[in-house]
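run_15.txt, holding compact mmCIF, C-alpha atoms:
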```txt
# COMPACT_ATOMS: atom_id res chain seq x y z
CA MET A 1 42.09 -19.04 16.20
CA THR A 2 39.64 -17.79 13.60
CA ARG A 3 38.16 -20.62 11.58
CA TYR A 4 37.21 -20.28 7.95
CA LYS A 5 34.92 -22.31 5.78
CA SER A 6 36.59 -24.40 3.12
CA GLN A 7 37.42 -22.62 -0.11
CA MET A 8 36.20 -25.69 -1.95
CA THR A 9 32.46 -25.77 -2.47
CA ALA A 10 31.00 -28.95 -1.07
CA ALA A 11 29.56 -31.28 -3.66
CA LYS A 12 25.86 -30.66 -4.05
CA THR A 13 23.55 -33.46 -3.05
CA PRO A 14 21.88 -34.87 -6.17
CA ILE A 15 18.22 -33.91 -6.52
CA ASP A 16 16.19 -36.97 -5.63
CA ILE A 17 12.56 -36.14 -6.31
CA SER A 18 9.85 -37.93 -8.21
CA GLY A 19 7.40 -36.90 -10.89
CA THR A 20 7.34 -34.29 -13.61
CA ILE A 21 8.28 -30.63 -13.27
CA ALA A 22 7.12 -27.64 -15.30
CA LEU A 23 8.99 -24.33 -15.17
CA ALA A 24 6.90 -21.33 -16.16
CA GLY A 25 9.24 -18.50 -17.06
CA ALA A 26 12.87 -19.01 -18.07
CA GLY A 27 14.32 -15.55 -17.55
CA LYS A 28 17.45 -14.98 -15.47
CA MET A 29 16.15 -16.51 -12.25
CA GLY A 30 14.21 -19.32 -13.91
CA SER A 31 17.21 -20.19 -16.05
CA ALA A 32 19.48 -20.18 -12.99
CA MET A 33 17.17 -22.62 -11.24
CA LEU A 34 16.93 -24.90 -14.27
CA THR A 35 20.72 -24.91 -14.67
CA GLY A 36 21.09 -25.79 -11.00
CA TRP A 37 18.61 -28.68 -11.26
CA LEU A 38 20.34 -30.19 -14.27
CA ALA A 39 23.78 -29.73 -12.68
CA ARG A 40 22.57 -31.72 -9.68
CA GLY A 41 21.45 -34.62 -11.79
CA LEU A 42 17.77 -34.00 -12.43
CA ASP A 43 16.71 -35.91 -15.54
CA ALA A 44 16.07 -33.31 -18.25
CA LYS A 45 13.34 -35.47 -19.76
CA ARG A 46 11.21 -34.89 -16.66
CA VAL A 47 11.27 -31.10 -17.13
CA ALA A 48 8.96 -28.97 -19.28
CA VAL A 49 9.73 -25.28 -19.80
CA ILE A 50 6.97 -22.80 -20.61
CA GLU A 51 8.65 -19.75 -22.15
CA PRO A 52 7.25 -17.88 -25.19
CA ALA A 53 10.58 -16.17 -25.91
CA PRO A 54 13.30 -18.66 -24.92
CA SER A 55 16.91 -17.54 -24.93
CA PRO A 56 19.38 -19.40 -27.15
CA ASP A 57 20.70 -21.17 -24.05
CA ILE A 58 17.25 -22.40 -23.08
CA ALA A 59 16.49 -23.43 -26.66
CA ALA A 60 19.74 -25.38 -26.73
CA LEU A 61 18.69 -27.32 -23.64
CA ALA A 62 15.90 -28.87 -25.69
CA ALA A 63 18.61 -31.06 -27.19
CA SER A 64 19.37 -32.42 -23.73
CA GLY A 65 15.83 -33.64 -23.36
CA ILE A 66 13.80 -30.87 -21.73
CA ARG A 67 10.43 -30.26 -23.34
CA LEU A 68 10.19 -26.66 -24.51
CA ASN A 69 6.66 -25.24 -24.73
CA PRO A 70 4.98 -28.65 -25.06
CA LYS A 71 1.26 -29.04 -25.54
CA GLN A 72 -0.15 -29.69 -22.11
CA THR A 73 -1.99 -32.97 -21.68
CA GLY A 74 -2.50 -33.07 -17.93
CA ALA A 75 -1.37 -31.88 -14.51
CA VAL A 76 2.29 -32.10 -13.52
CA ASP A 77 3.62 -33.07 -10.10
CA THR A 78 5.41 -29.74 -9.59
CA LEU A 79 4.97 -26.34 -11.23
CA VAL A 80 7.64 -23.70 -10.58
CA VAL A 81 6.43 -20.20 -11.41
CA ALA A 82 9.28 -17.83 -12.27
CA LEU A 83 7.28 -15.18 -14.15
CA LYS A 84 7.56 -11.45 -13.64
CA PRO A 85 4.92 -10.56 -11.04
CA GLN A 86 3.59 -7.77 -13.28
CA THR A 87 2.59 -10.34 -15.90
CA PHE A 88 1.12 -12.94 -13.58
CA GLY A 89 -2.28 -11.28 -13.47
CA GLU A 90 -2.61 -11.76 -17.23
CA VAL A 91 -1.05 -15.17 -17.73
CA GLY A 92 -1.53 -16.86 -14.36
CA ALA A 93 -4.83 -18.43 -15.39
CA THR A 94 -3.15 -20.08 -18.41
CA LEU A 95 -1.12 -22.21 -15.98
CA LYS A 96 -4.21 -23.80 -14.46
CA PRO A 97 -4.25 -26.78 -16.89
CA TRP A 98 -0.82 -27.76 -15.53
CA VAL A 99 -2.11 -27.91 -11.96
CA GLY A 100 -4.11 -30.67 -10.31
CA PRO A 101 -5.46 -30.83 -6.74
CA VAL A 102 -2.17 -32.22 -5.40
CA THR A 103 0.27 -30.38 -7.68
CA LEU A 104 3.04 -28.59 -5.80
CA VAL A 105 3.21 -24.96 -7.00
CA VAL A 106 6.45 -23.17 -6.13
CA SER A 107 6.46 -19.44 -6.85
CA ILE A 108 9.48 -17.13 -6.79
CA MET A 109 7.51 -14.01 -7.78
CA ALA A 110 8.00 -11.00 -5.53
CA GLY A 111 4.89 -9.73 -3.79
CA THR A 112 2.61 -12.51 -5.07
CA THR A 113 0.76 -14.06 -2.14
CA ILE A 114 -0.17 -17.66 -1.52
CA ALA A 115 -3.83 -16.64 -1.76
CA ALA A 116 -3.30 -15.06 -5.20
CA LEU A 117 -1.45 -18.12 -6.44
CA ARG A 118 -4.12 -20.49 -5.20
CA ALA A 119 -6.85 -18.38 -6.77
CA ALA A 120 -5.09 -18.35 -10.15
CA CYS A 121 -3.61 -21.84 -10.29
CA GLY A 122 -4.80 -23.95 -7.39
CA GLY A 123 -2.58 -26.69 -5.99
CA ALA A 124 -0.41 -26.78 -2.88
CA VAL A 125 1.56 -23.53 -2.87
CA VAL A 126 5.04 -22.69 -1.64
CA ARG A 127 5.93 -19.01 -1.92
CA ALA A 128 9.66 -18.32 -2.14
CA MET A 129 11.97 -15.31 -2.51
CA PRO A 130 15.43 -15.99 -4.00
CA ASN A 131 18.05 -13.41 -4.97
CA THR A 132 20.33 -12.88 -7.95
CA PRO A 133 23.49 -14.60 -6.57
CA ALA A 134 21.47 -17.72 -7.37
CA SER A 135 22.94 -17.37 -10.86
CA ILE A 136 26.32 -18.49 -9.48
CA GLY A 137 24.94 -20.92 -6.91
CA ARG A 138 25.47 -18.48 -4.03
CA GLY A 139 21.94 -17.22 -3.54
CA ILE A 140 19.73 -17.44 -0.51
CA THR A 141 16.02 -18.20 -0.70
CA VAL A 142 13.36 -17.83 1.98
CA ALA A 143 10.21 -19.93 1.59
CA VAL A 144 6.82 -20.30 3.26
CA ALA A 145 4.36 -23.14 2.66
CA ALA A 146 0.58 -23.14 2.55
CA LYS A 147 -1.16 -25.38 5.08
CA ASN A 148 -2.04 -28.00 2.46
CA VAL A 149 1.61 -28.56 1.47
CA SER A 150 2.67 -32.04 2.61
CA ALA A 151 5.99 -32.88 4.24
CA THR A 152 7.06 -34.66 1.04
CA GLN A 153 6.15 -31.64 -1.08
CA ARG A 154 8.07 -29.34 1.24
CA THR A 155 11.11 -31.59 0.85
CA THR A 156 10.70 -31.40 -2.94
CA ALA A 157 10.46 -27.61 -2.83
CA ASP A 158 13.54 -27.41 -0.62
CA ALA A 159 15.53 -29.58 -3.02
CA LEU A 160 14.55 -27.47 -6.03
CA LEU A 161 15.26 -24.17 -4.28
CA SER A 162 18.56 -25.29 -2.75
CA ALA A 163 19.99 -25.96 -6.22
CA THR A 164 20.91 -22.25 -6.34
CA GLY A 165 22.10 -21.72 -2.77
CA ALA A 166 20.94 -21.72 0.84
CA VAL A 167 17.27 -22.02 1.83
CA GLU A 168 15.51 -20.77 4.95
CA TRP A 169 11.88 -21.48 5.87
CA VAL A 170 9.44 -19.27 7.78
CA ASP A 171 5.95 -20.03 9.05
CA ASP A 172 4.54 -16.50 8.79
CA GLU A 173 3.87 -15.31 5.23
CA SER A 174 3.75 -11.67 6.37
CA LEU A 175 7.53 -11.86 6.87
CA MET A 176 8.05 -12.27 3.12
CA ASP A 177 7.77 -8.53 2.46
CA ALA A 178 10.71 -7.83 4.77
CA VAL A 179 12.58 -10.83 3.31
CA THR A 180 12.14 -9.32 -0.14
CA ALA A 181 13.45 -5.99 1.12
CA VAL A 182 16.53 -7.47 2.83
CA SER A 183 17.75 -10.37 0.69
CA GLY A 184 15.67 -10.17 -2.48
CA SER A 185 16.63 -6.56 -3.16
CA GLY A 186 19.79 -6.73 -1.06
CA PRO A 187 22.30 -7.43 -3.86
CA ALA A 188 21.42 -4.05 -5.39
CA TYR A 189 22.41 -2.33 -2.14
CA VAL A 190 25.79 -4.08 -2.20
CA PHE A 191 26.37 -3.13 -5.83
CA LEU A 192 25.48 0.46 -4.98
CA LEU A 193 28.06 0.38 -2.18
CA ALA A 194 30.70 -0.60 -4.73
CA GLU A 195 29.57 2.20 -7.05
CA GLU A 196 29.67 4.87 -4.36
CA LEU A 197 32.95 3.64 -2.90
CA ALA A 198 34.52 4.02 -6.34
CA ARG A 199 33.03 7.51 -6.81
CA ALA A 200 34.35 8.56 -3.42
CA GLY A 201 37.79 7.26 -4.37
CA VAL A 202 37.76 9.37 -7.53
CA ALA A 203 36.69 12.39 -5.46
CA ALA A 204 39.67 11.71 -3.19
CA GLY A 205 42.03 11.84 -6.18
CA LEU A 206 42.30 8.27 -7.43
CA PRO A 207 42.20 7.51 -11.17
CA GLU A 208 38.74 6.24 -12.10
CA ALA A 209 39.87 2.81 -13.28
CA LEU A 210 41.90 2.22 -10.12
CA ALA A 211 39.11 3.45 -7.85
CA SER A 212 36.64 1.12 -9.59
CA ARG A 213 38.92 -1.90 -9.25
CA LEU A 214 39.71 -1.16 -5.62
CA ALA A 215 36.04 -0.78 -4.76
CA ARG A 216 34.96 -3.88 -6.69
CA GLU A 217 37.63 -6.17 -5.25
CA THR A 218 37.19 -4.80 -1.74
CA VAL A 219 33.45 -5.46 -1.73
CA ALA A 220 33.85 -8.88 -3.36
CA GLY A 221 36.72 -9.92 -1.09
CA SER A 222 34.99 -8.71 2.05
CA GLY A 223 31.86 -10.62 1.09
CA GLU A 224 33.89 -13.79 0.60
CA LEU A 225 35.63 -13.26 3.96
CA LEU A 226 32.24 -12.84 5.62
CA HIS A 227 31.04 -16.02 3.90
CA ARG A 228 33.99 -18.12 5.04
CA SER A 229 34.43 -16.76 8.54
CA ASP A 230 32.63 -18.03 11.63
CA LEU A 231 32.83 -14.56 13.17
CA ALA A 232 29.93 -12.13 13.34
CA SER A 233 29.97 -9.26 10.86
CA ALA A 234 30.34 -6.79 13.75
CA THR A 235 33.45 -8.64 14.95
CA LEU A 236 34.97 -8.62 11.48
CA ARG A 237 34.31 -4.87 11.30
CA GLN A 238 35.94 -4.33 14.68
CA ASN A 239 38.97 -6.36 13.61
CA VAL A 240 39.63 -3.85 10.83
CA THR A 241 39.20 -0.84 13.10
CA SER A 242 42.16 0.45 15.08
CA PRO A 243 41.35 3.06 17.75
CA GLY A 244 42.04 6.51 16.39
CA GLY A 245 42.92 5.15 12.95
CA THR A 246 41.68 5.85 9.44
CA THR A 247 38.91 3.26 9.55
CA ALA A 248 37.63 4.64 12.85
CA ALA A 249 37.51 8.13 11.32
CA ALA A 250 35.39 6.87 8.42
CA LEU A 251 33.11 4.83 10.67
CA GLU A 252 32.39 7.88 12.80
CA VAL A 253 30.69 9.28 9.70
CA LEU A 254 29.00 6.08 8.57
CA MET A 255 27.77 5.19 12.06
CA GLY A 256 26.92 8.72 13.18
CA LYS A 257 23.59 10.49 13.29
CA ASP A 258 21.71 10.06 9.99
CA GLY A 259 24.39 7.56 8.97
CA LEU A 260 24.16 4.12 7.41
CA GLU A 261 21.92 2.62 10.11
CA GLN A 262 19.17 5.17 9.57
CA LEU A 263 19.55 5.13 5.78
CA MET A 264 19.31 1.34 5.68
CA ARG A 265 16.25 1.28 7.93
CA ARG A 266 14.52 3.77 5.66
CA ALA A 267 15.52 1.82 2.56
CA ILE A 268 14.28 -1.50 3.95
CA ALA A 269 11.04 0.12 5.10
CA ALA A 270 10.47 1.56 1.61
CA ALA A 271 11.14 -1.79 -0.09
CA THR A 272 8.91 -3.62 2.41
CA ALA A 273 6.08 -1.16 1.79
CA ARG A 274 6.45 -1.59 -1.97
CA SER A 275 6.32 -5.37 -1.65
CA LYS A 276 3.06 -5.06 0.25
CA GLN A 277 1.69 -2.79 -2.48
CA LEU A 278 2.56 -5.36 -5.16
CA ALA A 279 0.52 -7.94 -3.27
CA LYS A 280 -2.69 -5.88 -3.57
```
With the file now loaded, output its structure as structure tokens.
Amino acid sequence: MTRYKSQMTAAKTPIDISGTIALAGAGKMGSAMLTGWLARGLDAKRVAVIEPAPSPDIAALAASGIRLNPKQTGAVDTLVVALKPQTFGEVGATLKPWVGPVTLVVSIMAGTTIAALRAACGGAVVRAMPNTPASIGRGITVAVAAKNVSATQRTTADALLSATGAVEWVDDESLMDAVTAVSGSGPAYVFLLAEELARAGVAAGLPEALASRLARETVAGSGELLHRSDLASATLRQNVTSPGGTTAAALEVLMGKDGLEQLMRRAIAAATARSKQLAK
């Protein structure tokens, strides 16, 4: 019998970490992380947010106790850097007053290396790559720690990152470019699949609104089935495919020469190469 994961999301373990935390950058991803921390019981009074243009939601959180753009008076225990990587070269040095020799620095900036972070800020650096489903608590983050990150600091980083979904750790920083290409950019590929599935439905004669709904719900439902099932994705695909049927006819195209496998390999290679370029 096929087993499925519970439809009820397990209660998140409360964040149990010590010290003060500064969040630099409160855009979509930074805001998602902050919301996750507070939802898991982190004391708002221990959090400072550095954001020159805070959204109304972030500004409203100041009433809950977070310190918004406070004057810095010393190093914090943990600094989470959620800036756009294009801006880090200009503003990274301004974060240095927040960092002491033993400050944990957790970065979620694509393409920004541990070496670049240490040069700009110092501290003990964890480089991480989340993805946008973090905004609904269903993201996945891959992280790699510098050699001077202690076991306690790694546990702290894991707790902060897991507030928005699953966390995986790697030992080789060079893998982060491929991680960025697969999971960091991956949601865009899934959204594109929904777009193109809808367009193909319209081309086959469906009304646009119906084609869009069918594509959207099919992609969303299939993703949820994949999430809950213990079966491999290949097995789930095979379960839908009857020999000589309609699905098999479509898969002959998608899995044929120059099909989805080759397209995806080229896409991942292009994204990986771009991530490496951003690191230069």
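Taking CA of Gly92 in chain A as the reference point, CA of Gly122 in chain A is found at 10.5 Å.
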For CA of Ala110 in chain A and CA of Gln86 in chain A, the interatomic separation in Å (one decimal): 9.5 Å
Residue contacts of Gly223 in chain A (12 Å, only C-alpha atoms) excluding same-chain residues fewer than 2 positions away, as a PyMOL selection string: chain A and resi 138+187+190-191+194+216-221+225-229+233+236-237
Radius query 9 Å about (7.4, -21.0, 0.5), atoms used: all atoms listed in the file, as a ChimeraX atom specification: /A:106-108,114,125-129,142-146,154,157-158,169-171,173
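Nearest-residue note for Asn148 in chain A: choosing from A:Leu104, A:Ala200, A:Leu68, A:Val179, the minimum distance belongs to A:Leu104, counting all atoms listed in the file.
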For the point (-2.5, -6.2, -4.3) in the file's frame, write as number ranges by chain all residues with an atom no more than 10 Å away, counting all atoms listed in the file. A: 111-113, 116, 275-280
Mind dumping the selected residues with C-alpha atoms as a PDB file, in the frame of the given file?
```pdb
ATOM      1  CA  GLY A 111       4.890  -9.730  -3.790  1.00  0.00           C
ATOM      2  CA  THR A 112       2.610 -12.510  -5.070  1.00  0.00           C
ATOM      3  CA  THR A 113       0.760 -14.060  -2.140  1.00  0.00           C
ATOM      4  CA  ALA A 116      -3.300 -15.060  -5.200  1.00  0.00           C
ATOM      5  CA  SER A 275       6.320  -5.370  -1.650  1.00  0.00           C
ATOM      6  CA  LYS A 276       3.060  -5.060   0.250  1.00  0.00           C
ATOM      7  CA  GLN A 277       1.690  -2.790  -2.480  1.00  0.00           C
ATOM      8  CA  LEU A 278       2.560  -5.360  -5.160  1.00  0.00           C
ATOM      9  CA  ALA A 279       0.520  -7.940  -3.270  1.00  0.00           C
ATOM     10  CA  LYS A 280      -2.690  -5.880  -3.570  1.00  0.00           C
TER      11      LYS A 280
END
```
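Across the structure, CA of Leu214 in chain A and CA of Ala198 in chain A are spaced 7.4 Å apart.
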Using only C-alpha atoms, which residues sit within 12 Å of Ala63 in chain A once same-chain residues fewer than 6 positions away are excluded, as number ranges by chain? A: 44-45, 56-57
So which residues touch range 29-38 of chain A within 6 Å, counting all atoms listed in the file, skipping near sequence neighbours fewer than 4 positions away, as an MDAnalysis selection string? chainID A and resid 25 42 82 135 163:164
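The residue that comes closest to Gly19 in chain A, out of A:Glu90, A:Asp43, A:Glu208, A:Glu252 and on the basis of only C-alpha atoms, is A:Asp43.
The smallest atom-to-atom distance between Ser222 in chain A and any of A:Ala151, A:Val240, A:Ala115, A:Ala271, using only C-alpha atoms, is found for A:Val240.
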